[in-house]
Every structure is written in structure tokens, then in C-alpha cells.
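> The structure follows.
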Amino acid sequence: MPFLGQDWRSPGQSWVKTEEGWKKTSTDDKNNNVSVESFCKAEEEECFIKENLLLSLSYDMAAKKRKKDLINNNSKVPYFHREKWIYVHKGSTKERHGYCTLGEAFNRLDFCSAIKDTRRFNYVVRLLELIAKSQLPSLSGVAQKNYMNILERVVQKVLVDQQNVRPIKELLQTLYVSLCGLVQDMGKSVLVGNINMWVHRMENIMQWQQQLDNIQINRPKSTGMTLTDLPVSLQLNIMERLSDGRDLVSLGQVCPELGALTEDRLLWKRLCQYHFTDRQIRKRLMVSDKGHLEWKKMYFKLSRCYPHREQYSDTLHFCTHCHILFWKDTNHPCTANNPESCTMALYPQDFINLFNF
């Protein structure tokens, strides 16, 4: 009679050689091992597929990011309002929440139209230079982008008009030196944006500098009277209107006649007295062998020690009564009885100090 119970001999087992020796294995164990191996292979294949998918996604994201950065770099559309006046509030009150920053004022005021106005051009250039020296990290990302857009418009205007080349070259050099130091601290949240974006902007600055170096000022085609045709007294009167000694030196390099006039001691004396105080002049006296004061040498020596007196045809004004910032020839809704008595002109440094609170 056949035995129907569990066989102690465990049919189906076989001896398998392993590293630890010979062991018995059954068909169920083999099936389990096969299933485990197949499961492991399936998991490995799934992980491999996931890794490839993640790599492809990361590559796509990186490509999209590079494309986005390129679009942002090439975008020339400024994101600011062209307002003629803005309200400057320095804190939160019951009536108004928040405060106005330098970046917000830079975005909202109409600086694009200001660079087209010859009266405001030097003012905007000086303001851009002061921001480049110390205030660029304090601007928001949109304000930093607008800063570069306005700077590009300034450079393009100079290339077309062929005027004010030297101050723009000095502005670009100041900005490039500042960015060289700021880009090194990109990990410290100094500048807003990707480092590749700022490297691209620095390359644009170098390109603008090269364009300004290669600029060739065309001689005007005029058959009328020139500066040298005027009487000497009128020529000296025109030279007295120049407030920068470097302009006098450049004018003297045009021809020998003008070079002799630009050496006039009275011109350099008036320049020294205009830009510097009597106390500053007394500290830097220079006497020639003939006993005369060397006003030209004193001017350049004083220029290295003290700042020049700033002069602008048009400036921003601030009303202390209604706390409104506006251009000089723009009316603002002031509620004071005598608005002119409570307004003050803001030089570029005063404009920046207005938001340092």
C-alpha cells in the first residue's frame, strides 16, 4: 500500500555545492531564488530607468534655465513705471503700509527719459556711478536689471551723439571693478541672479568699453565761423564755462593757438577757486621759480585730494512737507501754502542718502 503521508526523504531535494559546502535545496527554494533574482533584476532595471529619466529631466531643466537666462540677458524691456514723482515713505503707518527703497525709486522714476535730456544726463550718469560703487547689492533683481538696461541706453546714446565719452568710460570702469569683487562673493547673496548672467553682463561692459575706445569723432562739415576765428577775449570767455580741467587740456590739444590760450593762469585760478575752498588751496600751494603760483599743477593736485564741486542743470527735488520726490520742472501735488519753501535740491549722493534709514 503506498505511503500517502509526508515523506521523510523529502523528494525533490538535491545537493548543491556552495562556498560553505554542500547543501540540500528543493525546487521551492530554487523557485524562490529565481523569483528573488528576477525581482532584483526588475528593481535594478526600474532604478536604471528612473536614473535615466531624472538625468534627462535635469538636462532639460538645465537647458531651459540656460535659455531663460539668455532671454533675460537679451531682454531690453524695462519693468519700471515712468512716473514723474513718487511718494517716499520711510516706515509703516496706519494710513500706509511698507516703505520706499532705493530700488523701488530707481524703478518708478522716469530715468529713461532723463538720459535723453541734456540737462539731466550728467545727473543720471553720476547717480549710476554712485550706485555702481556701493549700492548695487542693495537693489532688487528687477532694479539691477533696469540698471543694466539704462546703462546700455546711455552707452548707445554716447556712441550715436559722440559726446560725454570720458565720463561714460569712467562709469563702465567703476562698474566693472565693483562687479569683479561682487561676483567672487556670489555665494553670499550679494547679487541677485545666476553667476552666468553676471559674467555675461561683464562681457557686455568690456564690449562697450572697446566700442568707446574705438569711437572716432567726426569733424563737423561746416564752412562757417569756428572757435579759432573768434576774438581772443571771446575764446577765453567760452573756456571759462568749462568746469573740468581735463576738458581744457583736451581743448588745448586741438591746435597750437588754443593750446596757448588754455595755459592762461587766470583760467586755472578760477577753476581752483570754483571747486575748492581757500583752506584746501592754502594746504596745496605750489610756487614756480619766478614766484608765481602754479594754478594748473595745483588744480590737478587738489583734484587727487578733494572731490570736485558738482554742478547740474536739473536735479531731483524733495518736498519735506509731503515727502514727494520729483524732477525740478515737474509739478507735484503739494498741500503746503508755499511749496517752494519746503523743497530742496538733491544731489546724487543726497538721493542715495535719502533711502539709507
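Each chain of the C-alpha cells is named A, B, ... in the order shown, its residues numbered from 1; ligands are numbered from 1 in display order.
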Quick one: residues within 12 Å of Gln209 of chain A, only C-alpha atoms, excluding same-chain residues fewer than 6 positions away - as an mmCIF file with all heavy atoms, in the first residue's frame?


```cif
data_model
loop_
_atom_site.group_PDB
_atom_site.id
_atom_site.type_symbol
_atom_site.label_atom_id
_atom_site.label_comp_id
_atom_site.auth_asym_id
_atom_site.auth_seq_id
_atom_site.Cartn_x
_atom_site.Cartn_y
_atom_site.Cartn_z
ATOM 1 N N GLU A 152 22.900 100.573 -20.754
ATOM 2 C CA GLU A 152 23.065 100.291 -22.185
ATOM 3 C C GLU A 152 22.516 101.436 -23.029
ATOM 4 O O GLU A 152 23.109 101.805 -24.053
ATOM 5 C CB GLU A 152 22.371 98.985 -22.540
ATOM 6 C CG GLU A 152 22.541 98.597 -24.003
ATOM 7 C CD GLU A 152 21.967 97.242 -24.323
ATOM 8 O OE1 GLU A 152 21.390 96.622 -23.410
ATOM 9 O OE2 GLU A 152 22.092 96.801 -25.475
ATOM 10 N N VAL A 155 25.075 104.199 -23.019
ATOM 11 C CA VAL A 155 26.211 103.916 -23.904
ATOM 12 C C VAL A 155 25.819 104.105 -25.367
ATOM 13 O O VAL A 155 26.573 104.705 -26.152
ATOM 14 C CB VAL A 155 26.727 102.486 -23.653
ATOM 15 C CG1 VAL A 155 27.808 102.124 -24.659
ATOM 16 C CG2 VAL A 155 27.270 102.351 -22.236
ATOM 17 N N GLN A 156 24.640 103.627 -25.746
ATOM 18 C CA GLN A 156 24.204 103.781 -27.123
ATOM 19 C C GLN A 156 24.017 105.258 -27.490
ATOM 20 O O GLN A 156 24.330 105.671 -28.613
ATOM 21 C CB GLN A 156 22.893 103.011 -27.351
ATOM 22 C CG GLN A 156 23.022 101.505 -27.193
ATOM 23 C CD GLN A 156 24.029 100.892 -28.148
ATOM 24 O OE1 GLN A 156 24.170 101.356 -29.289
ATOM 25 N NE2 GLN A 156 24.718 99.863 -27.708
ATOM 26 N N VAL A 158 25.733 107.766 -26.220
ATOM 27 C CA VAL A 158 27.063 108.348 -26.372
ATOM 28 C C VAL A 158 27.688 107.933 -27.703
ATOM 29 O O VAL A 158 28.345 108.738 -28.377
ATOM 30 C CB VAL A 158 27.951 107.919 -25.186
ATOM 31 C CG1 VAL A 158 29.398 108.342 -25.417
ATOM 32 C CG2 VAL A 158 27.435 108.535 -23.899
ATOM 33 N N LEU A 159 27.486 106.683 -28.105
ATOM 34 C CA LEU A 159 28.039 106.224 -29.382
ATOM 35 C C LEU A 159 27.410 106.952 -30.562
ATOM 36 O O LEU A 159 28.081 107.214 -31.566
ATOM 37 C CB LEU A 159 27.830 104.714 -29.523
ATOM 38 C CG LEU A 159 28.627 103.814 -28.567
ATOM 39 C CD1 LEU A 159 28.230 102.364 -28.737
ATOM 40 C CD2 LEU A 159 30.131 103.988 -28.795
ATOM 41 N N VAL A 165 32.103 111.114 -23.767
ATOM 42 C CA VAL A 165 32.739 109.793 -23.854
ATOM 43 C C VAL A 165 33.510 109.478 -22.571
ATOM 44 O O VAL A 165 33.424 108.360 -22.043
ATOM 45 C CB VAL A 165 33.661 109.731 -25.083
ATOM 46 C CG1 VAL A 165 34.367 108.374 -25.154
ATOM 47 C CG2 VAL A 165 32.854 109.975 -26.352
ATOM 48 N N ARG A 166 34.274 110.452 -22.075
ATOM 49 C CA ARG A 166 35.127 110.182 -20.922
ATOM 50 C C ARG A 166 34.342 109.811 -19.663
ATOM 51 O O ARG A 166 34.690 108.815 -18.996
ATOM 52 C CB ARG A 166 36.030 111.393 -20.640
ATOM 53 C CG ARG A 166 37.039 111.120 -19.529
ATOM 54 C CD ARG A 166 37.927 112.304 -19.233
ATOM 55 N NE ARG A 166 37.168 113.451 -18.776
ATOM 56 C CZ ARG A 166 37.042 114.578 -19.451
ATOM 57 N NH1 ARG A 166 37.592 114.702 -20.631
ATOM 58 N NH2 ARG A 166 36.351 115.581 -18.974
ATOM 59 N N PRO A 167 33.287 110.531 -19.267
ATOM 60 C CA PRO A 167 32.566 110.110 -18.046
ATOM 61 C C PRO A 167 31.924 108.741 -18.163
ATOM 62 O O PRO A 167 31.840 108.007 -17.173
ATOM 63 C CB PRO A 167 31.518 111.213 -17.851
ATOM 64 C CG PRO A 167 31.440 111.952 -19.131
ATOM 65 C CD PRO A 167 32.772 111.811 -19.780
ATOM 66 N N ILE A 168 31.493 108.340 -19.362
ATOM 67 C CA ILE A 168 30.896 107.016 -19.517
ATOM 68 C C ILE A 168 31.966 105.938 -19.422
ATOM 69 O O ILE A 168 31.728 104.861 -18.855
ATOM 70 C CB ILE A 168 30.136 106.920 -20.851
ATOM 71 C CG1 ILE A 168 29.100 108.043 -20.936
ATOM 72 C CG2 ILE A 168 29.443 105.573 -20.982
ATOM 73 C CD1 ILE A 168 28.146 108.093 -19.770
ATOM 74 N N LYS A 169 33.150 106.198 -19.948
ATOM 75 C CA LYS A 169 34.244 105.231 -19.811
ATOM 76 C C LYS A 169 34.631 105.061 -18.346
ATOM 77 O O LYS A 169 34.922 103.945 -17.893
ATOM 78 C CB LYS A 169 35.437 105.689 -20.646
ATOM 79 C CG LYS A 169 35.183 105.630 -22.149
ATOM 80 C CD LYS A 169 36.322 106.248 -22.934
ATOM 81 C CE LYS A 169 37.600 105.460 -22.800
ATOM 82 N NZ LYS A 169 38.671 106.001 -23.678
ATOM 83 N N GLU A 170 34.627 106.153 -17.598
ATOM 84 C CA GLU A 170 34.925 106.059 -16.164
ATOM 85 C C GLU A 170 33.824 105.303 -15.426
ATOM 86 O O GLU A 170 34.101 104.520 -14.500
ATOM 87 C CB GLU A 170 35.092 107.465 -15.587
ATOM 88 C CG GLU A 170 36.293 108.218 -16.133
ATOM 89 C CD GLU A 170 36.360 109.636 -15.612
ATOM 90 O OE1 GLU A 170 35.394 110.059 -14.929
ATOM 91 O OE2 GLU A 170 37.358 110.332 -15.889
ATOM 92 N N LEU A 171 32.569 105.516 -15.827
ATOM 93 C CA LEU A 171 31.452 104.792 -15.218
ATOM 94 C C LEU A 171 31.566 103.298 -15.471
ATOM 95 O O LEU A 171 31.389 102.479 -14.551
ATOM 96 C CB LEU A 171 30.126 105.332 -15.766
ATOM 97 C CG LEU A 171 28.861 104.517 -15.458
ATOM 98 C CD1 LEU A 171 28.629 104.416 -13.958
ATOM 99 C CD2 LEU A 171 27.652 105.124 -16.149
ATOM 100 N N LEU A 172 31.865 102.897 -16.693
ATOM 101 C CA LEU A 172 31.988 101.478 -17.021
ATOM 102 C C LEU A 172 33.155 100.841 -16.283
ATOM 103 O O LEU A 172 33.059 99.692 -15.828
ATOM 104 C CB LEU A 172 32.159 101.310 -18.533
ATOM 105 C CG LEU A 172 30.956 101.690 -19.401
ATOM 106 C CD1 LEU A 172 31.299 101.532 -20.874
ATOM 107 C CD2 LEU A 172 29.740 100.859 -19.051
ATOM 108 N N GLN A 173 34.255 101.564 -16.161
ATOM 109 C CA GLN A 173 35.398 101.025 -15.428
ATOM 110 C C GLN A 173 35.070 100.837 -13.952
ATOM 111 O O GLN A 173 35.441 99.821 -13.336
ATOM 112 C CB GLN A 173 36.602 101.962 -15.599
ATOM 113 C CG GLN A 173 37.873 101.480 -14.913
ATOM 114 C CD GLN A 173 38.386 100.172 -15.474
ATOM 115 O OE1 GLN A 173 38.094 99.834 -16.626
ATOM 116 N NE2 GLN A 173 39.117 99.425 -14.664
ATOM 117 N N THR A 174 34.376 101.802 -13.361
ATOM 118 C CA THR A 174 33.968 101.678 -11.958
ATOM 119 C C THR A 174 33.037 100.494 -11.756
ATOM 120 O O THR A 174 33.184 99.718 -10.802
ATOM 121 C CB THR A 174 33.276 102.974 -11.503
ATOM 122 O OG1 THR A 174 34.172 104.075 -11.665
ATOM 123 C CG2 THR A 174 32.870 102.872 -10.032
ATOM 124 N N LEU A 175 32.070 100.337 -12.650
ATOM 125 C CA LEU A 175 31.131 99.227 -12.543
ATOM 126 C C LEU A 175 31.826 97.886 -12.722
ATOM 127 O O LEU A 175 31.533 96.918 -12.006
ATOM 128 C CB LEU A 175 30.018 99.395 -13.583
ATOM 129 C CG LEU A 175 28.956 98.291 -13.627
ATOM 130 C CD1 LEU A 175 28.235 98.170 -12.292
ATOM 131 C CD2 LEU A 175 27.956 98.551 -14.744
ATOM 132 N N TYR A 176 32.755 97.794 -13.656
ATOM 133 C CA TYR A 176 33.457 96.530 -13.894
ATOM 134 C C TYR A 176 34.298 96.129 -12.686
ATOM 135 O O TYR A 176 34.323 94.959 -12.292
ATOM 136 C CB TYR A 176 34.325 96.655 -15.139
ATOM 137 C CG TYR A 176 34.970 95.360 -15.555
ATOM 138 C CD1 TYR A 176 34.275 94.422 -16.312
ATOM 139 C CD2 TYR A 176 36.284 95.059 -15.187
ATOM 140 C CE1 TYR A 176 34.856 93.233 -16.689
ATOM 141 C CE2 TYR A 176 36.871 93.875 -15.557
ATOM 142 C CZ TYR A 176 36.156 92.957 -16.308
ATOM 143 O OH TYR A 176 36.744 91.763 -16.667
ATOM 144 N N MET A 202 29.187 91.354 -17.558
ATOM 145 C CA MET A 202 30.551 91.878 -17.525
ATOM 146 C C MET A 202 31.176 91.826 -18.915
ATOM 147 O O MET A 202 31.937 92.727 -19.291
ATOM 148 C CB MET A 202 31.385 91.092 -16.519
ATOM 149 C CG MET A 202 30.953 91.289 -15.072
ATOM 150 S SD MET A 202 31.862 90.252 -13.911
ATOM 151 C CE MET A 202 33.494 90.976 -14.057
ATOM 152 N N GLU A 203 30.873 90.799 -19.685
ATOM 153 C CA GLU A 203 31.360 90.748 -21.063
ATOM 154 C C GLU A 203 30.764 91.870 -21.896
ATOM 155 O O GLU A 203 31.454 92.446 -22.755
ATOM 156 C CB GLU A 203 31.010 89.384 -21.677
ATOM 157 C CG GLU A 203 31.761 88.212 -21.039
ATOM 158 C CD GLU A 203 31.300 86.883 -21.585
ATOM 159 O OE1 GLU A 203 30.313 86.865 -22.367
ATOM 160 O OE2 GLU A 203 31.911 85.846 -21.234
ATOM 161 N N ILE A 215 35.835 104.693 -30.794
ATOM 162 C CA ILE A 215 34.982 105.724 -31.368
ATOM 163 C C ILE A 215 35.841 106.788 -32.040
ATOM 164 O O ILE A 215 36.912 107.170 -31.548
ATOM 165 C CB ILE A 215 34.081 106.350 -30.270
ATOM 166 C CG1 ILE A 215 33.027 107.250 -30.901
ATOM 167 C CG2 ILE A 215 34.907 107.117 -29.269
ATOM 168 C CD1 ILE A 215 32.004 107.772 -29.895
#
```

> Apply DSSP to the backbone of this structure and, from segment 125-332 of chain A, keep only the residues in helix (DSSP H, G or I); write these as an MDAnalysis selection string.

chainID A and resid 125:138 141:161 165:183 186:188 195:213 227:229 232:239 245:252 256:261 265:275 278:283 295:305

> Tell me, in Å to one decimal, how far atom CA of Glu240 of chain A is from atom CA of Arg309 of chain A.

15.4 Å

> Skip Lys296 of chain A itself and residues of its chain fewer than 5 positions away, then list as a list in words all residues within 10 Å of it, counting only C-alpha atoms.

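The residues satisfying every condition are Gly245, Thr262, Glu263, Asp264, Arg265, Leu266, Leu267, Trp268, Lys269, Leu271, Cys272, Met286, Lys301 and Leu302 of chain A.
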